[in-house]
file coords34.cif (mmCIF, C-alpha atoms)
data_target
#
loop_
_atom_site.label_atom_id
_atom_site.label_comp_id
_atom_site.auth_asym_id
_atom_site.auth_seq_id
_atom_site.Cartn_x
_atom_site.Cartn_y
_atom_site.Cartn_z
CA MET A 99 -45.99 130.83 87.12
CA ASN A 100 -47.23 127.29 86.78
CA LEU A 101 -48.31 127.37 83.16
CA ALA A 102 -48.86 123.65 82.81
CA GLY A 103 -51.46 123.79 85.53
CA LYS A 104 -53.82 125.96 83.48
CA PRO A 105 -56.12 124.05 81.11
CA ILE A 106 -55.34 126.27 78.12
CA TRP A 107 -51.61 125.93 78.58
CA ARG A 108 -51.90 122.21 79.08
CA THR A 109 -53.68 121.95 75.72
CA VAL A 110 -51.12 124.16 73.97
CA LEU A 111 -48.25 122.24 75.53
CA VAL A 112 -49.61 118.86 74.48
CA ALA A 113 -50.34 120.10 70.94
CA CYS A 114 -46.84 121.55 70.59
CA LEU A 115 -45.22 118.35 71.86
CA ALA A 116 -47.30 116.25 69.48
CA MET A 117 -46.34 118.42 66.52
CA LEU A 118 -42.70 118.40 67.56
CA ALA A 119 -42.76 114.61 67.69
CA PHE A 120 -44.35 114.52 64.23
CA ALA A 121 -41.73 116.91 62.82
CA THR A 122 -38.90 114.95 64.38
CA GLY A 123 -40.26 111.74 62.89
CA ALA A 124 -40.56 113.34 59.47
CA ALA A 125 -37.07 114.75 59.69
CA ALA A 126 -35.69 111.34 60.55
CA ALA A 127 -37.12 109.73 57.38
CA ASP A 128 -34.62 108.27 54.90
CA THR A 129 -33.81 110.44 51.92
CA LEU A 130 -33.52 109.03 48.42
CA ASP A 131 -31.54 110.83 45.72
CA VAL A 132 -33.01 110.32 42.26
CA ILE A 133 -30.75 111.47 39.45
CA LEU A 134 -31.49 111.48 35.75
CA VAL A 135 -28.28 111.25 33.74
CA LYS A 136 -27.70 111.63 30.03
CA ALA A 137 -25.10 109.27 28.59
CA SER A 138 -23.21 110.11 25.42
CA ASN A 139 -19.92 109.56 23.65
CA GLU A 140 -19.06 113.25 23.42
CA GLY A 141 -17.80 115.83 25.87
CA ALA A 142 -16.74 115.41 29.49
CA SER A 143 -18.53 113.86 32.41
CA ASP A 144 -20.18 115.88 35.13
CA ALA A 145 -17.71 116.34 38.02
CA ALA A 146 -20.47 115.62 40.55
CA LEU A 147 -20.83 112.13 39.07
CA LYS A 148 -17.14 111.29 39.41
CA ALA A 149 -17.71 108.74 42.17
CA TYR A 150 -20.36 107.01 40.05
CA LEU A 151 -18.37 106.80 36.82
CA PRO A 152 -17.02 103.27 37.37
CA LEU A 153 -20.62 102.08 37.66
CA LEU A 154 -21.99 104.25 34.87
CA GLU A 155 -19.23 103.25 32.47
CA ARG A 156 -20.59 99.73 32.45
CA SER A 157 -23.18 101.08 30.04
CA GLY A 158 -20.45 101.58 27.46
CA PHE A 159 -20.72 105.35 27.05
CA LYS A 160 -17.90 107.85 27.57
CA ALA A 161 -19.56 110.92 29.10
CA TYR A 162 -22.33 111.38 31.66
CA GLN A 163 -24.17 114.60 32.45
CA THR A 164 -26.67 115.20 35.25
CA VAL A 165 -29.97 116.33 33.77
CA VAL A 166 -31.88 116.65 37.04
CA ARG A 167 -31.47 115.55 40.61
CA LYS A 168 -34.17 115.27 43.25
CA ALA A 169 -33.79 114.38 46.91
CA VAL A 170 -37.03 112.95 48.28
CA PRO A 171 -38.20 111.09 51.37
CA LEU A 172 -38.33 107.33 51.03
CA GLN A 173 -42.11 107.15 50.81
CA ALA A 174 -44.74 106.48 48.18
CA GLY A 175 -45.11 109.16 45.54
CA ASP A 176 -44.07 110.36 42.10
CA VAL A 177 -40.72 111.98 41.45
CA THR A 178 -40.95 114.00 38.26
CA LEU A 179 -37.58 114.22 36.55
CA ALA A 180 -37.16 115.70 33.06
CA GLN A 181 -38.00 114.84 29.44
CA GLY A 182 -41.17 113.13 30.69
CA PHE A 183 -39.24 110.71 32.91
CA LYS A 184 -40.73 109.90 36.26
CA ALA A 185 -39.79 107.61 39.14
CA THR A 186 -42.73 106.28 41.11
CA LEU A 187 -41.98 104.99 44.56
CA GLY A 188 -44.40 102.45 45.98
CA GLN A 189 -45.22 101.76 49.60
CA ALA A 190 -41.94 101.19 51.41
CA GLU A 191 -41.43 98.30 53.82
CA GLY A 192 -38.49 99.66 55.71
CA ARG A 193 -35.93 100.24 52.97
CA ARG A 194 -37.51 97.80 50.57
CA VAL A 195 -39.27 99.91 47.98
CA PRO A 196 -41.02 99.15 44.68
CA VAL A 197 -39.79 101.58 42.03
CA THR A 198 -41.24 102.17 38.58
CA ILE A 199 -39.45 104.25 35.97
CA SER A 200 -41.71 105.62 33.28
CA ARG A 201 -41.62 108.12 30.48
CA GLY A 202 -44.89 109.81 29.65
CA ASP A 203 -47.56 107.14 29.85
CA ASN A 204 -45.14 104.29 29.20
CA SER A 205 -43.70 102.27 32.04
CA LEU A 206 -40.13 101.26 31.27
CA ILE A 207 -39.09 99.16 34.22
CA ARG A 208 -40.57 98.11 37.54
CA THR A 209 -38.32 96.76 40.22
CA THR A 210 -38.23 96.24 43.94
CA VAL A 211 -35.06 97.51 45.56
CA ASN A 212 -33.85 96.75 49.03
CA PHE A 213 -31.79 99.87 49.57
CA SER A 214 -28.60 100.00 51.51
CA PRO A 215 -27.39 103.50 52.40
CA ASP A 216 -24.75 104.94 50.06
CA HIS A 217 -24.98 101.94 47.74
CA PRO A 218 -26.48 103.25 44.51
CA VAL A 219 -28.68 101.46 42.04
CA ILE A 220 -28.19 102.36 38.38
CA LEU A 221 -31.12 101.79 36.04
CA GLY A 222 -30.63 102.29 32.31
CA THR A 223 -30.45 102.91 29.51
CA TYR A 224 -33.64 104.42 28.15
CA ASP A 225 -34.34 106.52 25.09
CA GLY A 226 -34.47 110.23 25.82
CA ASP A 227 -35.01 113.36 23.75
CA GLY A 228 -33.08 113.64 20.49
CA GLY A 229 -31.95 110.03 20.56
CA GLY A 230 -30.10 110.55 23.86
CA LYS A 231 -29.62 107.66 26.23
CA MET A 232 -30.81 108.20 29.78
CA ILE A 233 -29.85 106.53 33.06
CA VAL A 234 -31.53 106.81 36.44
CA ILE A 235 -29.44 106.63 39.61
CA LEU A 236 -31.14 105.87 42.92
CA VAL A 237 -29.12 106.26 46.08
CA LEU A 238 -30.27 106.24 49.66
CA ALA A 239 -28.46 108.90 51.63
CA THR A 240 -26.93 108.02 54.97
CA PRO A 241 -29.38 109.20 57.66
CA MET B 212 -103.10 160.29 106.62
CA LYS B 213 -99.36 160.12 106.25
CA MET B 214 -99.66 158.41 102.87
CA ASN B 215 -102.04 161.05 101.53
CA ARG B 216 -99.61 163.81 102.33
CA LYS B 217 -96.80 162.08 100.37
CA THR B 218 -99.01 161.53 97.37
CA ASN B 219 -99.99 165.15 97.35
CA LEU B 220 -96.40 166.28 97.46
CA GLY B 221 -95.53 164.02 94.56
CA GLU B 222 -98.35 165.27 92.44
CA LEU B 223 -97.42 168.82 93.32
CA LEU B 224 -93.83 168.28 92.21
CA ARG B 225 -94.87 166.59 88.97
CA THR B 226 -97.12 169.50 88.05
CA THR B 227 -94.80 172.36 89.08
CA ALA B 228 -91.37 170.90 88.03
CA ARG B 229 -92.27 168.95 84.91
CA VAL B 230 -89.25 167.23 83.36
CA PRO B 231 -88.83 168.32 79.77
CA GLU B 232 -89.27 165.41 77.37
CA ARG B 233 -86.10 164.38 75.46
CA PRO B 234 -85.67 161.92 72.67
CA ALA B 235 -83.91 158.73 73.82
CA ALA B 236 -81.12 159.19 71.27
CA ASP B 237 -80.26 162.60 72.72
CA PHE B 238 -80.19 161.16 76.22
CA TRP B 239 -77.81 158.33 75.31
CA GLU B 240 -75.55 160.61 73.31
CA ASP B 241 -75.25 162.89 76.28
CA PHE B 242 -74.73 159.90 78.56
CA ARG B 243 -71.87 158.53 76.45
CA ALA B 244 -70.26 161.94 76.22
CA ARG B 245 -70.29 162.27 80.00
CA ALA B 246 -69.09 158.71 80.42
CA THR B 247 -65.97 159.39 78.38
CA LEU B 248 -65.01 162.11 80.83
CA VAL B 249 -64.87 159.64 83.68
CA PRO B 250 -61.78 157.36 83.80
CA GLN B 251 -62.91 153.77 83.34
CA ALA B 252 -61.13 150.98 85.16
CA VAL B 253 -60.31 148.06 82.86
CA PRO B 254 -61.70 144.92 84.43
CA SER B 255 -58.64 142.73 84.88
CA ARG B 256 -60.72 139.55 84.85
CA THR B 257 -61.63 139.95 81.16
CA ALA B 258 -58.31 141.36 79.92
CA ALA B 259 -56.06 138.61 81.18
CA PRO B 260 -57.79 135.63 79.55
CA THR B 261 -57.84 137.46 76.21
CA GLY B 262 -54.09 138.01 76.47
CA ARG B 263 -53.50 134.36 77.31
CA TRP B 264 -55.61 133.21 74.41
CA LEU B 265 -53.75 135.52 72.06
CA LEU B 266 -50.42 134.25 73.35
CA ALA B 267 -51.57 130.65 73.04
CA ALA B 268 -52.81 131.24 69.50
CA ALA B 269 -49.54 132.94 68.53
CA SER B 270 -47.51 130.07 70.01
CA LEU B 271 -49.62 127.54 68.18
CA ALA B 272 -49.30 129.43 64.90
CA ALA B 273 -45.53 129.65 65.32
CA ALA B 274 -45.32 125.93 66.09
CA VAL B 275 -47.45 125.04 63.06
CA MET B 276 -45.33 127.22 60.77
CA LEU B 277 -42.17 125.62 62.12
CA ILE B 278 -43.54 122.14 61.60
CA PHE B 279 -44.62 122.97 58.06
CA ALA B 280 -41.20 124.42 57.30
CA ILE B 281 -39.57 121.21 58.47
CA ALA B 282 -42.03 118.56 57.41
CA LEU B 283 -43.87 119.81 54.33
CA PRO B 284 -41.12 119.21 51.78
CA ARG B 285 -40.91 115.64 53.04
CA SER B 286 -44.54 114.72 52.79
CA GLY B 287 -47.18 114.22 50.14
CA SER B 288 -45.95 114.36 46.58
CA ASN B 289 -42.29 113.59 46.27
CA ASP B 290 -41.92 116.48 43.87
CA GLY B 291 -41.35 118.81 46.77
CA SER B 292 -37.65 118.13 46.77
CA LEU B 293 -35.50 118.48 49.81
CA ALA B 294 -32.49 120.71 49.91
CA VAL B 295 -29.98 118.91 47.75
CA ALA B 296 -26.62 118.21 49.35
CA SER B 297 -23.64 116.84 47.52
CA LEU B 298 -24.05 113.36 46.09
CA PRO B 299 -23.11 110.62 48.51
CA THR B 300 -20.01 108.69 47.52
CA PRO B 301 -20.75 105.01 46.98
CA ALA B 302 -19.61 103.03 49.99
CA LYS B 303 -16.98 100.41 49.21
CA ASN B 304 -17.98 98.19 52.09
CA GLY B 305 -21.22 96.97 53.56
CA ARG B 306 -24.18 95.33 51.90
CA LEU B 307 -25.04 96.42 48.37
CA SER B 308 -28.55 97.58 47.53
CA ARG B 309 -30.33 94.47 46.33
CA ILE B 310 -32.61 94.11 43.33
CA GLU B 311 -35.37 91.72 44.34
CA GLU B 312 -37.43 91.64 41.16
CA VAL B 313 -37.40 93.26 37.76
CA GLN B 314 -40.17 93.69 35.23
CA VAL B 315 -39.33 95.30 31.91
CA PHE B 316 -42.01 96.79 29.66
CA LEU B 317 -39.93 97.18 26.51
CA ASP B 318 -40.26 94.82 23.58
CA ASN B 319 -37.46 92.33 22.96
CA ALA B 320 -35.47 93.56 25.93
CA SER B 321 -32.76 91.81 27.83
CA VAL B 322 -31.86 92.65 31.40
CA THR B 323 -28.43 92.47 32.97
CA ILE B 324 -27.99 92.86 36.73
CA ILE B 325 -24.47 93.53 37.98
CA GLU B 326 -23.65 93.64 41.68
CA ASP B 327 -20.40 95.60 41.66
CA SER B 328 -18.97 95.22 45.16
CA GLU B 329 -15.72 96.86 44.12
CA ASN B 330 -17.48 100.11 43.24
CA GLY B 331 -20.28 99.80 45.80
CA GLY B 332 -23.24 99.77 43.46
CA THR B 333 -25.82 97.67 41.66
CA VAL B 334 -26.41 98.12 37.96
CA VAL B 335 -29.55 97.08 36.09
CA PHE B 336 -29.07 97.55 32.38
CA VAL B 337 -31.84 97.05 29.90
CA GLU B 338 -30.98 96.53 26.29
CA ALA B 339 -33.86 96.79 23.90
CA ALA B 340 -34.44 97.18 20.22
CA PRO B 341 -35.44 100.73 19.22
CA GLN B 342 -38.98 101.26 20.43
CA PRO B 343 -41.75 102.76 18.33
CA ASN B 344 -42.75 106.21 19.57
CA ARG B 345 -45.80 105.49 21.73
CA THR B 346 -46.17 108.86 23.36
#
call {"tool": "encode", "arguments": {"input": "coords34.cif", "output": "structure tokens"}}
result
Amino acid sequence: MNLAGKPIWRTVLVACLAMLAFATGAAAADTLDVILVKASNEGASDAALKAYLPLLERSGFKAYQTVVRKAVPLQAGDVTLAQGFKATLGQAEGRRVPVTISRGDNSLIRTTVNFSPDHPVILGTYDGDGGGKMIVILVLATP
Amino acid sequence: MKMNRKTNLGELLRTTARVPERPAADFWEDFRARATLVPQAVPSRTAAPTGRWLLAAASLAAAVMLIFAIALPRSGSNDGSLAVASLPTPAKNGRLSRIEEVQVFLDNASVTIIEDSENGGTVVFVEAAPQPNRT
């Protein structure tokens, strides 16, 4: 049966191919991990952060706990974290992305990062709930 | 002459064998009842396109659902998080992520940028005096 020869099937086929192309493109987008970390001088560090400890320890604290982690596409939008913290990604130019970290209505830092996959950017420290010190890790996952 | 004879016969029949008057509803009810007793052939010309349309609509719906399942968490608000895999280990080689500009909104803050090639990461630390609660 020559399905592609019928007008209805031609339309369906073209629509499906277009949507498949769109989905493939979306799936191929870079993924950014955004992690909110609480730094303190008590307790042990989160095992998942082990690889990041040499970088985090530059802040002078002894223990680091993941508060929340989000994996998002590298495209403009808000990433709501916890304790009112939010990372706002601006319009990306390739892997060059403006990033604003804010808490509530207050912007804390605005920076433009040219991401390299698997090379994290550590932004901190900021005041969190109960006098805690908070750090934001941004890392572009290998596609 | 021939015509007159026919007309007379017709009039004769109408007067002698008068058809009893029936309400239209009764007639159609009877008609439908009789019609159900006769097997009706399904016209293939109308059935086939309906089936094709249904199949096409079902295919389209399936494709749309599939696309939404794949693409929706990646679009729009970034709050629709993707499935979280294990954290990537910082690469020890290759180009570090580069900080191109920094703007700090805290009072009396100092910024330190460290490009730590040994540990594969870039650190931007902000040191600020305790901030008044502005929230």
call {"tool": "resolve_selection", "arguments": {"input": "coords34.cif", "expression": "the PyMOL selection byres ((chain A) within 8 of (chain B))", "output": "PyMOL selection string"}}
result
chain A and resi 106-107+110+113-114+117-118+121+124-125+131+146-147+149-150+152-153+157+168-171+173-178+202-224+237+239-240
call {"tool": "atom_distance", "arguments": {"input": "coords34.cif", "atom1": "CA of Asp227 (chain A)", "atom2": "CA of Tyr162 (chain A)"}}
result
15.1 Å
call {"tool": "residues_near_point", "arguments": {"input": "coords34.cif", "point": "(-45.1, 102.9, 41.4)", "cutoff": "7 Å", "atoms": "all atoms listed in the file", "output": "list of chain:residue names"}}
result
A:Thr186, A:Leu187, A:Gly188, A:Pro196, A:Val197, A:Thr198
